[in-house]
>>> print(open('upload34.txt').read())   # compact mmCIF, C-alpha atoms
# COMPACT_ATOMS: atom_id res chain seq x y z
CA MET A 1 3.98 1.67 9.42
CA LEU A 2 2.70 5.20 9.85
CA LEU A 3 1.69 7.40 6.89
CA GLU A 4 1.19 11.16 7.23
CA GLY A 5 -0.56 13.46 4.76
CA VAL A 6 -2.21 10.57 2.91
CA LYS A 7 -4.36 11.09 -0.20
CA VAL A 8 -6.16 8.40 -2.19
CA VAL A 9 -5.40 9.10 -5.86
CA GLY A 10 -6.91 6.06 -7.54
CA VAL A 11 -9.10 3.01 -7.06
CA ASN A 12 -9.15 0.40 -9.83
CA PRO A 13 -11.55 -2.54 -9.62
CA GLY A 14 -10.72 -5.87 -11.21
CA MET A 15 -11.63 -9.51 -11.36
CA ALA A 16 -9.55 -12.57 -12.13
CA ASN A 17 -10.46 -14.89 -15.01
CA THR A 18 -12.67 -17.25 -13.02
CA GLN A 19 -13.09 -19.60 -15.99
CA LEU A 20 -9.65 -20.99 -15.14
CA ASP A 21 -9.79 -23.66 -12.41
CA ALA A 22 -6.90 -22.15 -10.44
CA MET A 23 -8.58 -18.72 -10.38
CA SER A 24 -12.13 -19.83 -9.54
CA PRO A 25 -11.87 -19.29 -5.74
CA LEU A 26 -10.75 -15.65 -6.21
CA ASN A 27 -13.21 -12.85 -5.59
CA HIS A 28 -13.32 -9.26 -6.81
CA LEU A 29 -10.09 -7.27 -6.38
CA GLU A 30 -9.27 -3.59 -5.96
CA SER A 31 -5.99 -1.77 -6.44
CA VAL A 32 -5.71 1.42 -4.36
CA SER A 33 -3.07 4.09 -5.11
CA LEU A 34 -1.92 6.43 -2.34
CA LEU A 35 0.25 9.54 -2.11
CA TYR A 36 1.79 10.54 1.21
CA ASP A 37 4.06 13.24 2.60
CA ARG A 38 5.90 11.13 5.17
CA ILE A 39 6.27 7.47 6.08
CA THR A 40 7.67 5.90 9.25
CA TRP A 41 8.62 2.22 9.34
CA ARG A 42 9.17 0.45 12.64
CA TYR A 43 10.75 -2.98 12.73
CA THR A 44 10.02 -4.68 16.05
CA ASP A 45 12.87 -7.15 15.52
CA GLY A 46 15.79 -5.01 16.69
CA ASN A 47 13.62 -1.97 17.47
CA ILE A 48 14.65 -0.15 14.26
CA LYS A 49 12.77 2.99 13.21
CA PHE A 50 13.19 4.78 9.87
CA THR A 51 11.39 7.87 8.55
CA ASP A 52 11.37 9.25 5.02
CA SER A 53 9.77 12.46 3.82
CA TRP A 54 9.36 14.01 0.39
CA ASN A 55 9.55 17.58 1.69
CA GLU A 56 12.38 17.38 4.24
CA ARG A 57 16.07 17.41 3.39
CA SER A 58 18.67 15.54 5.41
>>> encode(input="upload34.txt", output="structure tokens")
Amino acid sequence: MLLEGVKVVGVNPGMANTQLDAMSPLNHLESVSLLYDRITWRYTDGNIKFTDSWNERS
């Protein structure tokens, strides 16, 4: 995956409820929000490439 014109627009820290046994091994978490002008996906299985852009029309 290739992103072009990337901007970080938000970073939100968080932590799971470690008092619950199932959540105790989890550490601190962060959620990062990005904006981008163009994205290119490349699937190696079948050599498929797809590009999408907010500013370009087909």
>>> residues_around(input="upload34.txt", residues="A:Arg38", least_positions_apart="3", cutoff="9 Å", atoms="all atoms listed in the file", output="CSV table (one decimal) with C-alpha atoms, in the coordinates of the input")
chain,number,residue,atom,x,y,z
A,2,LEU,CA,2.7,5.2,9.8
A,3,LEU,CA,1.7,7.4,6.9
A,4,GLU,CA,1.2,11.2,7.2
A,5,GLY,CA,-0.6,13.5,4.8
A,6,VAL,CA,-2.2,10.6,2.9
A,51,THR,CA,11.4,7.9,8.6
A,52,ASP,CA,11.4,9.2,5.0
A,53,SER,CA,9.8,12.5,3.8
A,54,TRP,CA,9.4,14.0,0.4
A,55,ASN,CA,9.6,17.6,1.7
>>> closest_residue(input="upload34.txt", among="A:Asn12, A:Lys49, A:Gln19, A:Tyr43", to="A:Ser31", atoms="only C-alpha atoms")
A:Asn12
>>> residues_near_point(input="upload34.txt", point="(-7.4, 7.5, -0.2)", cutoff="8 Å", atoms="all atoms listed in the file", output="VMD selection string")
chain A and resid 6 to 10 32 to 34
>>> axis_aligned_box(input="upload34.txt", around="stretch 41-55 of chain A", padding_each_side="4 Å", output="lines of an AutoDock Vina configuration file")
center_x = 12.2
center_y = 5.2
center_z = 8.9
size_x = 15.2
size_y = 32.7
size_z = 25.1
>>> atom_distance(input="upload34.txt", atom1="atom CA of A:His28", atom2="atom CA of A:Met1")
26.1 Å
>>> closest_residue(input="upload34.txt", among="A:Glu56, A:Phe50, A:Ala16, A:Asp21", to="A:Asp37", atoms="only C-alpha atoms")
A:Glu56
>>> residues_around(input="upload34.txt", residues="A:Asn27", least_positions_apart="3", cutoff="9 Å", atoms="all atoms listed in the file", output="VMD selection string")
chain A and resid 15 to 16 18 23 to 24
>>> atom_distance(input="upload34.txt", atom1="atom CA of A:Ile48", atom2="atom CA of A:Leu35")
23.9 Å
>>> atom_distance(input="upload34.txt", atom1="atom CA of A:Arg57", atom2="atom CA of A:Thr40")
15.4 Å
>>> build_atoms(input="upload34.txt", residues="stretch 4-39 of chain A", atoms="N, CA and C atoms", output="compact mmCIF listing (two decimals), in the frame of the given file")
# COMPACT_ATOMS: atom_id res chain seq x y z
N GLU A 4 1.70 9.83 6.90
CA GLU A 4 1.19 11.16 7.23
C GLU A 4 0.88 11.91 5.94
N GLY A 5 -0.17 12.69 5.95
CA GLY A 5 -0.56 13.46 4.76
C GLY A 5 -0.99 12.56 3.62
N VAL A 6 -1.82 11.58 3.90
CA VAL A 6 -2.21 10.57 2.91
C VAL A 6 -3.36 11.07 2.05
N LYS A 7 -3.28 10.80 0.73
CA LYS A 7 -4.36 11.09 -0.20
C LYS A 7 -4.58 9.86 -1.08
N VAL A 8 -5.82 9.48 -1.26
CA VAL A 8 -6.16 8.40 -2.19
C VAL A 8 -6.25 9.02 -3.58
N VAL A 9 -5.44 8.51 -4.52
CA VAL A 9 -5.40 9.10 -5.86
C VAL A 9 -6.00 8.18 -6.92
N GLY A 10 -6.30 6.94 -6.55
CA GLY A 10 -6.91 6.06 -7.54
C GLY A 10 -7.41 4.77 -6.92
N VAL A 11 -8.54 4.30 -7.45
CA VAL A 11 -9.10 3.01 -7.06
C VAL A 11 -9.49 2.30 -8.36
N ASN A 12 -8.88 1.14 -8.60
CA ASN A 12 -9.15 0.40 -9.83
C ASN A 12 -9.71 -0.97 -9.50
N PRO A 13 -10.97 -1.23 -9.87
CA PRO A 13 -11.55 -2.54 -9.62
C PRO A 13 -11.06 -3.55 -10.66
N GLY A 14 -11.12 -4.82 -10.29
CA GLY A 14 -10.72 -5.87 -11.21
C GLY A 14 -11.28 -7.20 -10.78
N MET A 15 -11.18 -8.17 -11.68
CA MET A 15 -11.63 -9.51 -11.36
C MET A 15 -10.79 -10.50 -12.15
N ALA A 16 -10.36 -11.54 -11.49
CA ALA A 16 -9.55 -12.57 -12.13
C ALA A 16 -10.41 -13.36 -13.12
N ASN A 17 -9.76 -14.04 -14.05
CA ASN A 17 -10.46 -14.89 -15.01
C ASN A 17 -10.92 -16.15 -14.29
N THR A 18 -12.16 -16.15 -13.83
CA THR A 18 -12.67 -17.25 -13.02
C THR A 18 -13.02 -18.48 -13.85
N GLN A 19 -12.86 -18.42 -15.15
CA GLN A 19 -13.09 -19.60 -15.99
C GLN A 19 -11.94 -20.59 -15.86
N LEU A 20 -10.79 -20.11 -15.39
CA LEU A 20 -9.65 -20.99 -15.14
C LEU A 20 -9.83 -21.64 -13.78
N ASP A 21 -9.58 -22.94 -13.67
CA ASP A 21 -9.79 -23.66 -12.41
C ASP A 21 -8.98 -23.08 -11.25
N ALA A 22 -7.75 -22.68 -11.51
CA ALA A 22 -6.90 -22.15 -10.44
C ALA A 22 -7.39 -20.80 -9.93
N MET A 23 -8.12 -20.06 -10.75
CA MET A 23 -8.58 -18.72 -10.38
C MET A 23 -10.01 -18.71 -9.84
N SER A 24 -10.71 -19.81 -9.91
CA SER A 24 -12.13 -19.83 -9.54
C SER A 24 -12.41 -19.44 -8.09
N PRO A 25 -11.53 -19.72 -7.11
CA PRO A 25 -11.87 -19.29 -5.74
C PRO A 25 -11.65 -17.80 -5.48
N LEU A 26 -11.03 -17.08 -6.42
CA LEU A 26 -10.75 -15.65 -6.21
C LEU A 26 -12.01 -14.83 -6.34
N ASN A 27 -12.07 -13.75 -5.60
CA ASN A 27 -13.21 -12.85 -5.59
C ASN A 27 -12.81 -11.57 -6.31
N HIS A 28 -13.63 -10.56 -6.22
CA HIS A 28 -13.32 -9.26 -6.81
C HIS A 28 -12.09 -8.66 -6.13
N LEU A 29 -11.32 -7.89 -6.90
CA LEU A 29 -10.09 -7.27 -6.38
C LEU A 29 -10.16 -5.76 -6.59
N GLU A 30 -9.42 -5.02 -5.78
CA GLU A 30 -9.27 -3.59 -5.96
C GLU A 30 -7.81 -3.21 -5.75
N SER A 31 -7.33 -2.33 -6.58
CA SER A 31 -5.99 -1.77 -6.44
C SER A 31 -6.15 -0.31 -6.03
N VAL A 32 -5.57 0.06 -4.89
CA VAL A 32 -5.71 1.42 -4.36
C VAL A 32 -4.34 2.10 -4.43
N SER A 33 -4.31 3.30 -5.01
CA SER A 33 -3.07 4.09 -5.11
C SER A 33 -3.11 5.23 -4.11
N LEU A 34 -2.01 5.40 -3.37
CA LEU A 34 -1.92 6.43 -2.34
C LEU A 34 -0.73 7.34 -2.60
N LEU A 35 -0.87 8.60 -2.21
CA LEU A 35 0.25 9.54 -2.11
C LEU A 35 0.37 9.94 -0.66
N TYR A 36 1.59 10.15 -0.19
CA TYR A 36 1.79 10.54 1.21
C TYR A 36 2.98 11.46 1.31
N ASP A 37 2.98 12.29 2.36
CA ASP A 37 4.06 13.24 2.60
C ASP A 37 5.22 12.59 3.36
N ARG A 38 4.88 11.71 4.29
CA ARG A 38 5.90 11.13 5.17
C ARG A 38 5.51 9.72 5.56
N ILE A 39 6.51 8.84 5.66
CA ILE A 39 6.27 7.47 6.08
C ILE A 39 7.27 7.11 7.17
